[in-house]
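Peer 1: My structure file start-v9.cif, mmCIF, C-alpha atoms, is below:
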```cif
data_entry
loop_
_atom_site.label_atom_id
_atom_site.label_comp_id
_atom_site.auth_asym_id
_atom_site.auth_seq_id
_atom_site.Cartn_x
_atom_site.Cartn_y
_atom_site.Cartn_z
CA MET A 24 14.75 63.35 -29.41
CA ILE A 25 12.46 65.92 -27.80
CA ARG A 26 11.32 67.03 -31.26
CA ARG A 27 10.55 63.43 -32.15
CA ALA A 28 8.61 62.96 -28.94
CA ILE A 29 6.58 66.13 -29.54
CA ALA A 30 5.91 65.10 -33.13
CA HIS A 31 4.83 61.66 -31.92
CA LEU A 32 2.39 63.28 -29.51
CA VAL A 33 0.83 66.01 -31.61
CA ASP A 34 1.46 65.29 -35.32
CA ALA A 35 0.71 61.59 -35.68
CA GLU A 36 -2.02 60.49 -38.07
CA GLY A 37 -3.36 57.10 -38.94
CA SER A 38 -6.36 54.87 -39.47
CA THR A 39 -9.48 55.73 -37.50
CA ARG A 40 -10.60 52.11 -37.17
CA ALA A 41 -9.02 51.76 -33.70
CA VAL A 42 -10.69 54.91 -32.35
CA GLY A 43 -13.99 53.91 -33.93
CA LEU A 44 -13.74 50.57 -32.18
CA LEU A 45 -12.73 52.28 -28.94
CA ARG A 46 -15.77 54.58 -29.21
CA ILE A 47 -18.06 51.54 -29.24
CA LEU A 48 -16.16 49.73 -26.48
CA LEU A 49 -16.20 52.75 -24.16
CA VAL A 50 -19.99 53.03 -24.47
CA LEU A 51 -20.44 49.37 -23.60
CA ILE A 52 -18.12 49.78 -20.60
CA ALA A 53 -19.94 52.96 -19.53
CA TRP A 54 -23.28 51.16 -19.63
CA ALA A 55 -21.86 48.23 -17.67
CA ARG A 56 -20.32 50.52 -15.06
CA CYS A 57 -22.79 53.39 -14.72
CA GLY A 58 -26.00 52.01 -16.23
CA ARG A 59 -27.51 50.47 -13.13
CA GLU A 60 -26.89 53.51 -10.92
CA LEU A 61 -28.34 55.81 -13.60
CA LEU A 62 -31.56 53.91 -14.22
CA LEU A 63 -34.22 56.58 -14.51
CA PHE A 64 -36.55 55.31 -11.79
CA HIS A 65 -33.78 55.83 -9.20
CA HIS A 66 -33.83 59.56 -9.89
CA VAL A 67 -37.43 60.56 -10.51
CA ASP A 68 -37.45 62.51 -7.23
CA ALA A 69 -34.48 64.71 -8.14
CA PRO A 70 -34.52 66.72 -11.40
CA ASP A 71 -30.74 67.30 -11.40
CA ARG A 72 -29.92 63.60 -11.07
CA LEU A 73 -32.62 62.71 -13.58
CA ALA A 74 -31.13 65.20 -16.05
CA VAL A 75 -27.70 63.55 -15.71
CA ALA A 76 -29.24 60.10 -16.20
CA VAL A 77 -31.23 61.14 -19.30
CA SER A 78 -28.16 62.94 -20.68
CA PHE A 79 -26.05 59.83 -20.09
CA TYR A 80 -28.37 57.49 -21.96
CA LEU A 81 -29.06 59.85 -24.87
CA SER A 82 -25.42 60.80 -25.39
CA THR A 83 -24.02 57.30 -25.07
CA THR A 84 -26.63 55.92 -27.46
CA ALA A 85 -25.66 58.54 -30.06
CA MET A 86 -21.99 57.80 -29.37
CA LEU A 87 -22.51 54.05 -29.78
CA VAL A 88 -24.16 54.30 -33.18
CA GLY A 89 -21.81 57.10 -34.22
CA TRP A 90 -24.33 59.85 -34.90
CA ARG A 91 -22.61 63.25 -34.84
CA SER A 92 -19.84 61.18 -33.34
CA ARG A 93 -17.46 63.78 -31.95
CA ILE A 94 -20.21 65.92 -30.45
CA SER A 95 -22.02 62.93 -28.96
CA THR A 96 -18.70 61.60 -27.59
CA LEU A 97 -17.96 64.97 -25.96
CA TRP A 98 -21.52 65.03 -24.56
CA ALA A 99 -21.17 61.46 -23.25
CA GLY A 100 -17.82 62.32 -21.64
CA LEU A 101 -19.39 65.29 -19.86
CA SER A 102 -22.31 63.11 -18.73
CA VAL A 103 -19.99 60.49 -17.25
CA LEU A 104 -17.91 63.27 -15.68
CA ALA A 105 -21.11 64.65 -14.11
CA PHE A 106 -21.88 61.16 -12.81
CA TYR A 107 -18.38 60.98 -11.33
CA GLY A 108 -18.08 64.47 -9.90
CA TYR A 109 -21.58 65.75 -9.29
CA LEU A 110 -23.48 62.59 -8.47
CA GLY A 111 -20.68 60.24 -7.47
CA SER A 112 -17.73 61.15 -5.35
CA LEU A 113 -19.17 64.33 -3.90
CA SER A 114 -22.69 63.24 -3.08
CA GLY A 115 -22.17 59.68 -1.94
CA LEU A 116 -23.90 57.86 -4.79
CA PHE A 117 -20.96 55.49 -5.08
CA VAL A 118 -21.01 52.75 -2.50
CA ARG A 119 -17.22 52.94 -2.07
CA PRO A 120 -16.12 56.16 -3.80
CA ARG A 121 -12.45 55.86 -2.91
CA LEU A 122 -12.25 52.50 -4.61
CA TYR A 123 -14.70 52.72 -7.49
CA GLY A 124 -14.19 56.41 -8.26
CA HIS A 125 -11.08 55.50 -10.26
CA HIS A 126 -13.10 53.55 -12.79
CA VAL A 127 -15.54 56.32 -13.58
CA TYR A 128 -12.85 59.00 -13.56
CA LEU A 129 -10.69 57.14 -16.08
CA LEU A 130 -13.75 56.37 -18.17
CA SER A 131 -14.90 60.00 -18.30
CA ILE A 132 -11.45 61.38 -19.14
CA SER A 133 -10.96 58.75 -21.86
CA ILE A 134 -14.32 59.49 -23.49
CA LEU A 135 -13.66 63.23 -23.38
CA LEU A 136 -10.26 62.77 -25.02
CA LEU A 137 -11.72 60.43 -27.63
CA ALA A 138 -13.83 63.39 -28.78
CA LEU A 139 -10.57 64.97 -29.97
CA THR A 140 -10.15 62.16 -32.51
CA GLU A 141 -11.96 61.46 -35.77
CA CYS A 142 -13.79 58.65 -34.00
CA GLY A 143 -16.78 58.88 -36.32
CA ARG A 144 -14.91 58.10 -39.52
CA SER A 145 -15.11 54.35 -38.88
CA TYR A 146 -17.90 52.08 -37.69
CA SER A 147 -20.45 54.89 -37.45
CA LEU A 148 -23.79 56.10 -38.67
CA ASP A 149 -21.96 59.26 -39.73
CA ARG A 150 -19.83 57.23 -42.13
CA TRP A 151 -22.82 55.27 -43.46
CA LEU A 152 -24.74 58.46 -44.15
CA ALA A 153 -21.69 60.06 -45.77
CA GLN A 154 -21.22 57.01 -47.99
CA ARG A 155 -24.86 57.24 -49.08
CA ARG A 156 -24.34 60.90 -49.95
CA GLY A 157 -21.12 59.98 -51.74
CA ASP A 158 -18.87 62.27 -49.68
CA ALA A 159 -17.37 59.84 -47.18
CA LYS A 160 -13.91 60.90 -46.03
CA PRO A 161 -11.07 58.37 -45.85
CA GLU A 162 -10.74 56.43 -42.63
CA ARG A 163 -7.74 58.46 -41.50
CA GLY A 164 -7.26 61.27 -39.02
CA SER A 165 -5.17 62.86 -36.31
CA LEU A 166 -4.14 60.58 -33.43
CA TRP A 167 -3.51 63.45 -31.01
CA GLY A 168 -6.45 62.53 -28.76
CA THR A 169 -5.23 58.94 -28.47
CA ARG A 170 -1.81 60.22 -27.36
CA LEU A 171 -3.48 62.18 -24.57
CA ILE A 172 -5.35 59.03 -23.50
CA GLY A 173 -1.96 57.28 -23.50
CA LEU A 174 -0.54 59.97 -21.20
CA GLN A 175 -3.47 59.44 -18.83
CA VAL A 176 -2.89 55.67 -18.78
CA SER A 177 0.83 56.16 -18.09
CA ALA A 178 0.09 58.62 -15.29
CA MET A 179 -2.36 56.14 -13.79
CA TYR A 180 0.26 53.37 -13.75
CA LEU A 181 2.90 55.71 -12.32
CA TRP A 182 0.78 56.87 -9.41
CA THR A 183 -0.76 53.51 -8.63
CA ALA A 184 2.80 52.14 -8.49
CA TYR A 185 3.82 55.04 -6.27
CA ASP A 186 0.91 54.15 -3.98
CA LYS A 187 2.43 50.70 -3.56
CA LEU A 188 5.97 51.84 -2.74
CA THR A 189 5.44 51.27 0.96
CA ALA A 190 6.88 48.70 3.32
CA GLU A 191 3.37 47.37 3.90
CA TRP A 192 2.80 46.66 0.20
CA LEU A 193 6.31 45.48 -0.72
CA SER A 194 6.41 43.03 2.20
CA GLY A 195 3.34 41.39 0.71
CA ASP A 196 1.16 42.22 3.70
CA ARG A 197 -1.38 44.25 1.67
CA ILE A 198 -1.86 41.34 -0.75
CA LEU A 199 -2.12 38.99 2.20
CA GLU A 200 -4.71 41.25 3.83
CA ILE A 201 -6.77 41.20 0.64
CA GLY A 202 -6.52 37.40 0.54
CA LEU A 203 -7.52 37.11 4.21
CA THR A 204 -10.50 39.39 3.59
CA LEU A 205 -11.83 37.92 0.37
CA TYR A 206 -10.73 34.30 0.36
CA THR A 207 -9.86 32.66 3.68
CA LEU A 208 -11.88 34.85 6.09
CA SER A 209 -8.84 35.46 8.34
CA GLU A 210 -7.48 31.91 8.25
CA PRO A 211 -3.74 31.75 7.39
CA ILE A 212 -2.96 31.33 3.68
CA PRO A 213 -0.52 28.48 3.01
CA GLY A 214 2.59 29.60 1.13
CA SER A 215 1.73 33.27 1.42
CA GLY A 216 5.09 34.06 3.02
CA VAL A 217 6.75 33.46 -0.36
CA PHE A 218 3.91 34.18 -2.77
CA ALA A 219 2.71 37.50 -1.36
CA PRO A 220 6.02 39.46 -1.47
CA VAL A 221 6.81 38.12 -4.95
CA ALA A 222 3.35 39.13 -6.22
CA ALA A 223 3.59 42.53 -4.53
CA VAL A 224 7.00 43.39 -5.98
CA GLY A 225 6.02 41.94 -9.35
CA ALA A 226 2.90 44.10 -9.54
CA VAL A 227 4.85 47.28 -8.81
CA ALA A 228 7.61 46.35 -11.28
CA LEU A 229 5.08 45.66 -14.02
CA GLU A 230 3.19 48.90 -13.39
CA LEU A 231 6.41 50.93 -13.51
CA ALA A 232 7.44 49.13 -16.71
CA LEU A 233 4.06 49.91 -18.27
CA VAL A 234 4.47 53.65 -17.54
CA VAL A 235 7.12 54.01 -20.24
CA GLY A 236 7.15 50.62 -21.96
CA LEU A 237 3.74 51.05 -23.58
CA TRP A 238 5.20 53.89 -25.65
CA HIS A 239 8.09 51.79 -26.93
CA SER A 240 7.24 49.44 -29.80
CA ARG A 241 9.75 46.72 -28.89
CA ALA A 242 8.89 46.72 -25.17
CA ARG A 243 5.20 46.89 -25.98
CA ARG A 244 5.36 43.51 -27.67
CA TRP A 245 6.05 41.93 -24.28
CA LEU A 246 4.37 44.38 -21.97
CA LEU A 247 0.93 44.42 -23.60
CA PRO A 248 0.31 40.68 -23.08
CA ALA A 249 1.73 41.00 -19.56
CA GLY A 250 -0.58 43.95 -18.88
CA VAL A 251 -3.60 42.10 -20.27
CA ALA A 252 -2.77 39.06 -18.11
CA PHE A 253 -2.26 41.29 -15.06
CA HIS A 254 -5.62 42.99 -15.48
CA ALA A 255 -7.35 39.69 -16.24
CA LEU A 256 -5.94 38.26 -13.01
CA ILE A 257 -7.13 41.28 -11.06
CA TYR A 258 -10.56 41.00 -12.71
CA VAL A 259 -11.14 37.40 -11.70
CA SER A 260 -9.56 37.62 -8.25
CA LEU A 261 -10.62 41.02 -6.88
CA SER A 262 -13.69 43.23 -7.00
CA VAL A 263 -12.69 45.72 -9.70
CA GLN A 264 -15.88 45.78 -11.75
CA THR A 265 -15.17 47.19 -15.23
CA PHE A 266 -11.73 48.62 -14.50
CA SER A 267 -9.73 45.78 -16.04
CA VAL A 268 -11.68 45.71 -19.28
CA LEU A 269 -11.48 49.51 -19.48
CA VAL A 270 -7.69 49.57 -19.20
CA VAL A 271 -7.30 46.72 -21.69
CA ALA A 272 -9.60 48.56 -24.12
CA LEU A 273 -7.46 51.67 -23.70
CA TYR A 274 -4.41 49.66 -24.78
CA LEU A 275 -5.84 50.15 -28.28
CA VAL A 276 -4.40 53.69 -28.28
CA PHE A 277 -0.86 52.30 -28.00
CA LEU A 278 -1.18 49.97 -30.99
CA ASP A 279 -0.19 50.98 -34.50
CA PRO A 280 -3.58 52.10 -35.89
CA ASP A 281 -2.73 50.96 -39.41
CA ALA A 282 -1.86 47.52 -38.11
CA VAL A 283 -5.19 47.47 -36.24
CA HIS A 284 -6.91 48.49 -39.49
CA GLU A 285 -5.26 45.63 -41.41
CA THR A 286 -6.11 43.13 -38.70
CA LEU A 287 -9.75 44.24 -38.66
CA ASP A 288 -9.85 44.02 -42.45
CA ARG A 289 -8.55 40.47 -42.28
CA LEU A 290 -11.10 39.55 -39.61
CA GLN A 291 -13.96 41.11 -41.57
CA SER A 292 -13.02 39.34 -44.77
CA MET B 25 -8.58 70.47 -34.82
CA PRO B 26 -6.44 73.13 -33.06
CA GLY B 27 -3.22 74.30 -34.69
CA ARG B 28 0.11 72.66 -33.92
CA THR B 29 1.21 75.25 -31.35
CA ALA B 30 -2.12 74.95 -29.55
CA ARG B 31 -1.86 71.15 -29.58
CA ILE B 32 1.61 71.34 -28.04
CA ALA B 33 0.39 73.75 -25.36
CA ILE B 34 -2.69 71.65 -24.57
CA THR B 35 -0.60 68.46 -24.45
CA ALA B 36 1.88 70.07 -22.04
CA ALA B 37 -0.94 71.35 -19.83
CA PHE B 38 -2.65 67.96 -19.87
CA ALA B 39 0.59 66.17 -18.99
CA LEU B 40 1.08 68.58 -16.10
CA PHE B 41 -2.49 67.88 -14.97
CA VAL B 42 -2.32 64.07 -15.08
CA PHE B 43 1.21 63.70 -13.70
CA GLY B 44 1.32 66.78 -11.47
CA GLY B 45 -2.20 66.45 -10.07
CA PRO B 46 -1.53 63.22 -8.18
CA PHE B 47 1.83 64.66 -7.11
CA ALA B 48 -0.02 67.57 -5.51
CA ARG B 49 -2.50 65.20 -3.83
CA ARG B 50 -0.06 62.52 -2.72
CA VAL B 51 3.24 64.31 -2.10
CA LEU B 52 2.24 67.90 -1.34
CA GLU B 53 -0.96 66.68 0.40
CA VAL B 54 -3.22 69.20 -1.33
CA GLU B 55 -6.85 68.40 -0.46
CA THR B 56 -9.07 68.89 -3.50
CA HIS B 57 -11.56 66.84 -5.48
CA TRP B 58 -10.31 68.36 -8.74
CA LEU B 59 -7.09 66.35 -8.77
CA HIS B 60 -7.30 62.58 -8.83
CA PRO B 61 -4.92 60.84 -6.40
CA TRP B 62 -4.88 57.30 -7.87
CA ALA B 63 -4.57 55.84 -4.38
CA MET B 64 -5.67 52.29 -5.07
CA TYR B 65 -5.66 49.62 -2.36
CA HIS B 66 -4.50 52.25 0.10
CA SER B 67 -7.42 51.78 2.43
CA ALA B 68 -9.37 48.93 0.84
CA TYR B 69 -9.65 45.70 2.81
CA ALA B 70 -8.24 47.56 5.78
CA ASN B 71 -9.80 45.89 8.81
CA VAL B 72 -8.59 42.34 8.89
CA CYS B 73 -6.63 39.96 11.10
CA GLU B 74 -4.99 36.61 10.51
CA ILE B 75 -5.99 34.18 13.21
CA GLU B 76 -5.09 30.57 13.95
CA LEU B 77 -6.53 28.70 16.93
CA GLU B 78 -5.24 25.40 18.31
CA GLU B 79 -6.66 23.30 21.10
CA VAL B 80 -4.08 21.65 23.35
CA ARG B 81 -5.31 18.24 24.56
CA PRO B 82 -4.46 16.84 28.05
CA ASP B 83 -1.89 14.52 26.41
CA GLY B 84 -0.13 17.56 24.93
CA SER B 85 -1.25 16.97 21.37
CA ARG B 86 -2.56 19.95 19.40
CA GLU B 87 -5.51 20.17 17.06
CA ARG B 88 -6.47 23.06 14.84
CA VAL B 89 -9.78 24.65 15.83
CA ASP B 90 -12.29 24.98 13.00
CA ARG B 91 -13.77 28.41 13.76
CA PHE B 92 -16.40 28.04 11.08
CA ALA B 93 -17.89 24.90 12.63
CA SER B 94 -19.50 27.00 15.36
CA ILE B 95 -20.89 29.61 12.98
CA SER B 96 -24.47 29.08 11.91
CA PRO B 97 -25.06 30.21 8.36
CA PRO B 98 -28.06 32.49 7.98
CA ALA B 99 -31.34 31.03 6.78
CA VAL B 100 -31.38 33.39 3.83
CA TYR B 101 -28.69 32.89 1.22
CA PRO B 102 -26.24 34.06 0.12
CA ALA B 103 -24.40 34.34 3.44
CA PRO B 104 -22.73 37.70 3.98
CA ARG B 105 -19.19 37.68 2.62
CA HIS B 106 -17.70 38.74 5.94
CA LEU B 107 -19.26 35.89 7.93
CA GLY B 108 -16.49 34.42 10.08
CA ARG B 109 -13.90 37.00 9.13
CA VAL B 110 -11.98 38.47 12.04
CA GLY B 111 -11.49 42.21 11.67
CA ASN B 112 -10.11 43.20 15.06
CA ARG B 113 -9.02 41.94 18.47
CA ALA B 114 -12.54 41.97 19.92
CA GLN B 115 -13.77 39.66 17.15
CA ALA B 116 -10.72 37.45 17.67
CA TYR B 117 -11.60 37.02 21.35
CA GLU B 118 -15.20 36.20 20.39
CA ALA B 119 -13.79 33.34 18.35
CA VAL B 120 -11.58 32.34 21.28
CA ARG B 121 -14.56 32.32 23.63
CA ALA B 122 -16.49 30.02 21.30
CA ALA B 123 -13.47 27.70 21.01
CA CYS B 124 -12.93 27.61 24.77
CA GLU B 125 -16.61 26.81 25.42
CA ALA B 126 -16.52 24.03 22.84
CA ALA B 127 -13.36 22.55 24.37
CA GLY B 128 -15.15 21.57 27.61
CA GLU B 129 -13.61 21.61 31.10
CA ALA B 130 -10.21 23.18 31.70
CA PRO B 131 -9.83 24.24 28.10
CA ASP B 132 -6.43 25.11 26.68
CA VAL B 133 -6.62 27.08 23.44
CA ARG B 134 -3.65 28.81 21.85
CA MET B 135 -4.04 31.70 19.46
CA ARG B 136 -1.72 33.15 16.87
CA LEU B 137 -3.10 36.53 15.89
CA ARG B 138 -1.83 39.25 13.58
CA CYS B 139 -3.94 42.32 12.91
CA ARG B 140 -3.48 45.07 10.36
CA VAL B 141 -2.07 48.38 11.53
CA GLU B 142 -2.18 51.00 8.77
CA GLY B 143 1.25 51.59 7.32
CA ARG B 144 2.82 48.70 9.23
CA GLY B 145 0.96 45.73 7.84
CA LEU B 146 0.08 42.67 9.89
CA VAL B 147 1.41 43.15 13.41
CA GLU B 148 1.64 40.24 15.84
CA VAL B 149 -0.83 40.47 18.72
CA ALA B 150 -0.53 36.94 20.13
CA ASP B 151 2.12 34.32 19.38
CA GLY B 152 0.33 31.17 20.57
CA SER B 153 2.45 30.67 23.68
CA GLU B 154 -0.33 31.27 26.22
CA ASN B 155 -3.64 29.61 26.99
CA VAL B 156 -6.01 32.36 25.90
CA CYS B 157 -8.99 30.76 27.67
CA GLU B 158 -7.41 31.87 30.96
CA ALA B 159 -7.10 35.42 29.74
CA LEU B 160 -10.77 35.78 28.80
CA PRO B 161 -12.65 38.40 30.85
#
```
Could you render the structure as structure tokens?
Peer 2:
Amino acid sequence: MIRRAIAHLVDAEGSTRAVGLLRILLVLIAWARCGRELLLFHHVDAPDRLAVAVSFYLSTTAMLVGWRSRISTLWAGLSVLAFYGYLGSLSGLFVRPRLYGHHVYLLSISILLLALTECGRSYSLDRWLAQRRGDAKPERGSLWGTRLIGLQVSAMYLWTAYDKLTAEWLSGDRILEIGLTLYTLSEPIPGSGVFAPVAAVGAVALELALVVGLWHSRARRWLLPAGVAFHALIYVSLSVQTFSVLVVALYLVFLDPDAVHETLDRLQS
Amino acid sequence: MPGRTARIAITAAFALFVFGGPFARRVLEVETHWLHPWAMYHSAYANVCEIELEEVRPDGSRERVDRFASISPPAVYPAPRHLGRVGNRAQAYEAVRAACEAAGEAPDVRMRLRCRVEGRGLVEVADGSENVCEALP
């Protein structure tokens, strides 16, 4: 069993369509999340911040079109990591670093790990140029990097669930407090005595199920739609910016890449 | 691509980093920016109370006080999101004062108030049994 698990993590190969698609999605999410704060005119007075901003836009543009895909993806990951660590959490650029830091951290780690995949073999300028030269490689490659992204997603669910294993959360009070803050402006919420504890326990149960269930093909069939619905609900009801769409995009790494390839083929035809 | 042994070693190290890092931050209470704690909703939306005001009429009947009726929205829109939200006891008593003044002579206003205490949730401050207008400084 351990041998199978290790082989699943480090030996797996498959279609590169999913990672090619993820490469494009992560750039769009990075622009949505970091773009405004990295607009060049914000940083003309500070060469270090300006360098990070220029690096971010150049690297993510190359990553989007798939030019020198793995190098540009690594460069983009380092740029987002610099935004998170150097400009963000440590220097106060984020308005609420303790809340929004998660988004940028997960984004930077995911982009860096994507550089370990053959993310330029599909949907890329690299592939187009290779096809013109007549030496395009098949759209297949190692999935090791996607397994590492999967580990990061599982760890995220585990520790966010751990964060909620408190009497305050499980009683529903934290959800109620969020509702009082964002929706009713301190007025009592009808029915919250039943709804809030059920929602609180349900959220923790789902997060714990996602920690391991995403790796299991039969459980994944039920948990992926539940996870998508969960993150969609959070997106429309709370202030989570791009976090929901990022996590849902990262679900791509748990899908069978050959099945994704076939689906995309069907859609394209 | 690194060799298989290197991939196994890197995977093990990465797993230790992503699972063990938050463990160090959250359980062992190691203070460092290099390990991400994943502490979501731990301190967000922290300062909030649940408040309900009722005016008791001379005939004993009760009517819910609309706190927002006495709040003037700013001339410039959009109004701040926190307008009218009660975040602590002092703000609750500001709302009580406005309700007591609006109730006229010998006002009788009852307040049910629960405010957040970190780690304990919403803790009852007032249960609505007393006329809070009499308790105003």
Peer 1: Smallest atom-to-atom distance to chain B: which of A:Gly124, A:Gly236, A:Gly214, A:Gly225, using all atoms listed in the file?
Peer 2: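 Closest candidate: A:Gly124.
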Peer 1: Give me the residues within 9 Å of Phe43 of chain B as a VMD selection string, counting all atoms listed in the file and dropping any in the same chain fewer than 3 places off.
Peer 2: (chain A and resid 174 to 175 177 to 179 181 to 182) or (chain B and resid 38 to 40 46 to 47)
Peer 1: In terms of the shortest atom-to-atom distance over all atoms listed in the file, which of A:Ser82, A:Gln264, A:Thr140, A:Ser102 is closest to Thr169 of chain A?
Peer 2: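 Closest to Thr169 of chain A, using all atoms listed in the file: A:Thr140.
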Peer 1: Could you list, as a PDB file with C-alpha atoms, in the coordinates of the input, every residue of chain B that has an atom within 8 Å of an atom of chain A, counting all atoms listed in the file?
Peer 2:
```pdb
ATOM      1  CA  MET B  25      -8.580  70.470 -34.820  1.00  0.00           C
ATOM      2  CA  ARG B  28       0.110  72.660 -33.920  1.00  0.00           C
ATOM      3  CA  ARG B  31      -1.860  71.150 -29.580  1.00  0.00           C
ATOM      4  CA  ILE B  32       1.610  71.340 -28.040  1.00  0.00           C
ATOM      5  CA  THR B  35      -0.600  68.460 -24.450  1.00  0.00           C
ATOM      6  CA  PHE B  38      -2.650  67.960 -19.870  1.00  0.00           C
ATOM      7  CA  ALA B  39       0.590  66.170 -18.990  1.00  0.00           C
ATOM      8  CA  VAL B  42      -2.320  64.070 -15.080  1.00  0.00           C
ATOM      9  CA  PHE B  43       1.210  63.700 -13.700  1.00  0.00           C
ATOM     10  CA  PRO B  46      -1.530  63.220  -8.180  1.00  0.00           C
ATOM     11  CA  PRO B  61      -4.920  60.840  -6.400  1.00  0.00           C
ATOM     12  CA  TRP B  62      -4.880  57.300  -7.870  1.00  0.00           C
ATOM     13  CA  ALA B  63      -4.570  55.840  -4.380  1.00  0.00           C
ATOM     14  CA  MET B  64      -5.670  52.290  -5.070  1.00  0.00           C
ATOM     15  CA  TYR B  65      -5.660  49.620  -2.360  1.00  0.00           C
ATOM     16  CA  HIS B  66      -4.500  52.250   0.100  1.00  0.00           C
ATOM     17  CA  ALA B  68      -9.370  48.930   0.840  1.00  0.00           C
ATOM     18  CA  TYR B  69      -9.650  45.700   2.810  1.00  0.00           C
ATOM     19  CA  ALA B  70      -8.240  47.560   5.780  1.00  0.00           C
ATOM     20  CA  VAL B  72      -8.590  42.340   8.890  1.00  0.00           C
ATOM     21  CA  CYS B  73      -6.630  39.960  11.100  1.00  0.00           C
ATOM     22  CA  GLU B  74      -4.990  36.610  10.510  1.00  0.00           C
ATOM     23  CA  ILE B  75      -5.990  34.180  13.210  1.00  0.00           C
ATOM     24  CA  GLU B  76      -5.090  30.570  13.950  1.00  0.00           C
ATOM     25  CA  ARG B 105     -19.190  37.680   2.620  1.00  0.00           C
ATOM     26  CA  HIS B 106     -17.700  38.740   5.940  1.00  0.00           C
ATOM     27  CA  LEU B 107     -19.260  35.890   7.930  1.00  0.00           C
ATOM     28  CA  GLY B 108     -16.490  34.420  10.080  1.00  0.00           C
ATOM     29  CA  ARG B 109     -13.900  37.000   9.130  1.00  0.00           C
ATOM     30  CA  VAL B 110     -11.980  38.470  12.040  1.00  0.00           C
ATOM     31  CA  GLY B 111     -11.490  42.210  11.670  1.00  0.00           C
ATOM     32  CA  ARG B 140      -3.480  45.070  10.360  1.00  0.00           C
ATOM     33  CA  GLY B 143       1.250  51.590   7.320  1.00  0.00           C
ATOM     34  CA  ARG B 144       2.820  48.700   9.230  1.00  0.00           C
ATOM     35  CA  GLY B 145       0.960  45.730   7.840  1.00  0.00           C
ATOM     36  CA  LEU B 146       0.080  42.670   9.890  1.00  0.00           C
TER      37      LEU B 146
END
```
Peer 1: Please write as a list in words the full residue list that the PyMOL selection byres ((chain A and resi 98) around 10) yields on this file.
Peer 2: Ser78, Phe79, Leu81, Ser82, Thr83, Ala85, Met86, Ser92, Arg93, Ile94, Ser95, Thr96, Leu97, Ala99, Gly100, Leu101, Ser102, Val103, Leu104, Ile134, Leu135 and Ala138 of chain A
Peer 1: To one decimal place in Å, what is the distance between atom CA of Pro82 of chain B and atom CA of Leu137 of chain B?
Peer 2: 23.2 Å
Peer 1: Quick one: everything within 6 Å of Glu78 of chain B, counting all atoms listed in the file, minus sequence neighbours fewer than 2 positions away in the same chain. Send it as a PyMOL selection string.
Peer 2: chain B and resi 87-89+133-134
Peer 1: Please evaluate the PyMOL selection byres ((chain B and resi 130) around 12) against the displayed coordinates and give the resulting residues as a list in words.
Peer 2: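 For this structure, the PyMOL selection byres ((chain B and resi 130) around 12) captures Glu79, Val80, Arg81, Pro82, Cys124, Glu125, Ala126, Ala127, Gly128, Glu129, Pro131, Asp132, Val133, Asn155, Val156, Cys157 and Glu158 of chain B.
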Peer 1: Next, the residues of the selection above should be written as a PDB file, keeping the file's coordinate frame with C-alpha atoms.
Peer 2:
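And here's result.pdb as it stands now:
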```pdb
ATOM      1  CA  GLU B  79      -6.660  23.300  21.100  1.00  0.00           C
ATOM      2  CA  VAL B  80      -4.080  21.650  23.350  1.00  0.00           C
ATOM      3  CA  ARG B  81      -5.310  18.240  24.560  1.00  0.00           C
ATOM      4  CA  PRO B  82      -4.460  16.840  28.050  1.00  0.00           C
ATOM      5  CA  CYS B 124     -12.930  27.610  24.770  1.00  0.00           C
ATOM      6  CA  GLU B 125     -16.610  26.810  25.420  1.00  0.00           C
ATOM      7  CA  ALA B 126     -16.520  24.030  22.840  1.00  0.00           C
ATOM      8  CA  ALA B 127     -13.360  22.550  24.370  1.00  0.00           C
ATOM      9  CA  GLY B 128     -15.150  21.570  27.610  1.00  0.00           C
ATOM     10  CA  GLU B 129     -13.610  21.610  31.100  1.00  0.00           C
ATOM     11  CA  PRO B 131      -9.830  24.240  28.100  1.00  0.00           C
ATOM     12  CA  ASP B 132      -6.430  25.110  26.680  1.00  0.00           C
ATOM     13  CA  VAL B 133      -6.620  27.080  23.440  1.00  0.00           C
ATOM     14  CA  ASN B 155      -3.640  29.610  26.990  1.00  0.00           C
ATOM     15  CA  VAL B 156      -6.010  32.360  25.900  1.00  0.00           C
ATOM     16  CA  CYS B 157      -8.990  30.760  27.670  1.00  0.00           C
ATOM     17  CA  GLU B 158      -7.410  31.870  30.960  1.00  0.00           C
TER      18      GLU B 158
END
```
Peer 1: Decode the PyMOL selection byres ((chain A and resi 229) around 10) for the given file into explicit residues and return them as a list of chain:residue names.
Peer 2: A:Tyr180, A:Ala184, A:Val224, A:Gly225, A:Ala226, A:Val227, A:Ala228, A:Glu230, A:Leu231, A:Ala232, A:Leu233, A:Val234, A:Gly236, A:Leu246, A:Ala249, A:Gly250, A:Phe253
Peer 1: Compile the contact shell of Val283 of chain A as a list in words: residues with an atom at most 10 Å away, counting all atoms listed in the file, same-chain residues fewer than 3 positions apart removed.
Peer 2: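 Contacts, with the query itself left out: Ser38, Thr39, Arg40, Ala41, Leu44, Leu275, Leu278, Asp279, Pro280, Thr286, Leu287, Asp288 and Arg289 of chain A.
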Peer 1: May I ask for the distance between atom CA of Leu62 of chain A and atom CA of Ala76 of chain A, given in Å to one decimal place?
Peer 2: 6.9 Å
Peer 1: For the atom pair atom CA of Phe277 of chain A and atom CA of Tyr80 of chain A, what is the interatomic distance in Å to one decimal place?
Peer 2: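 A separation of 28.6 Å between them.
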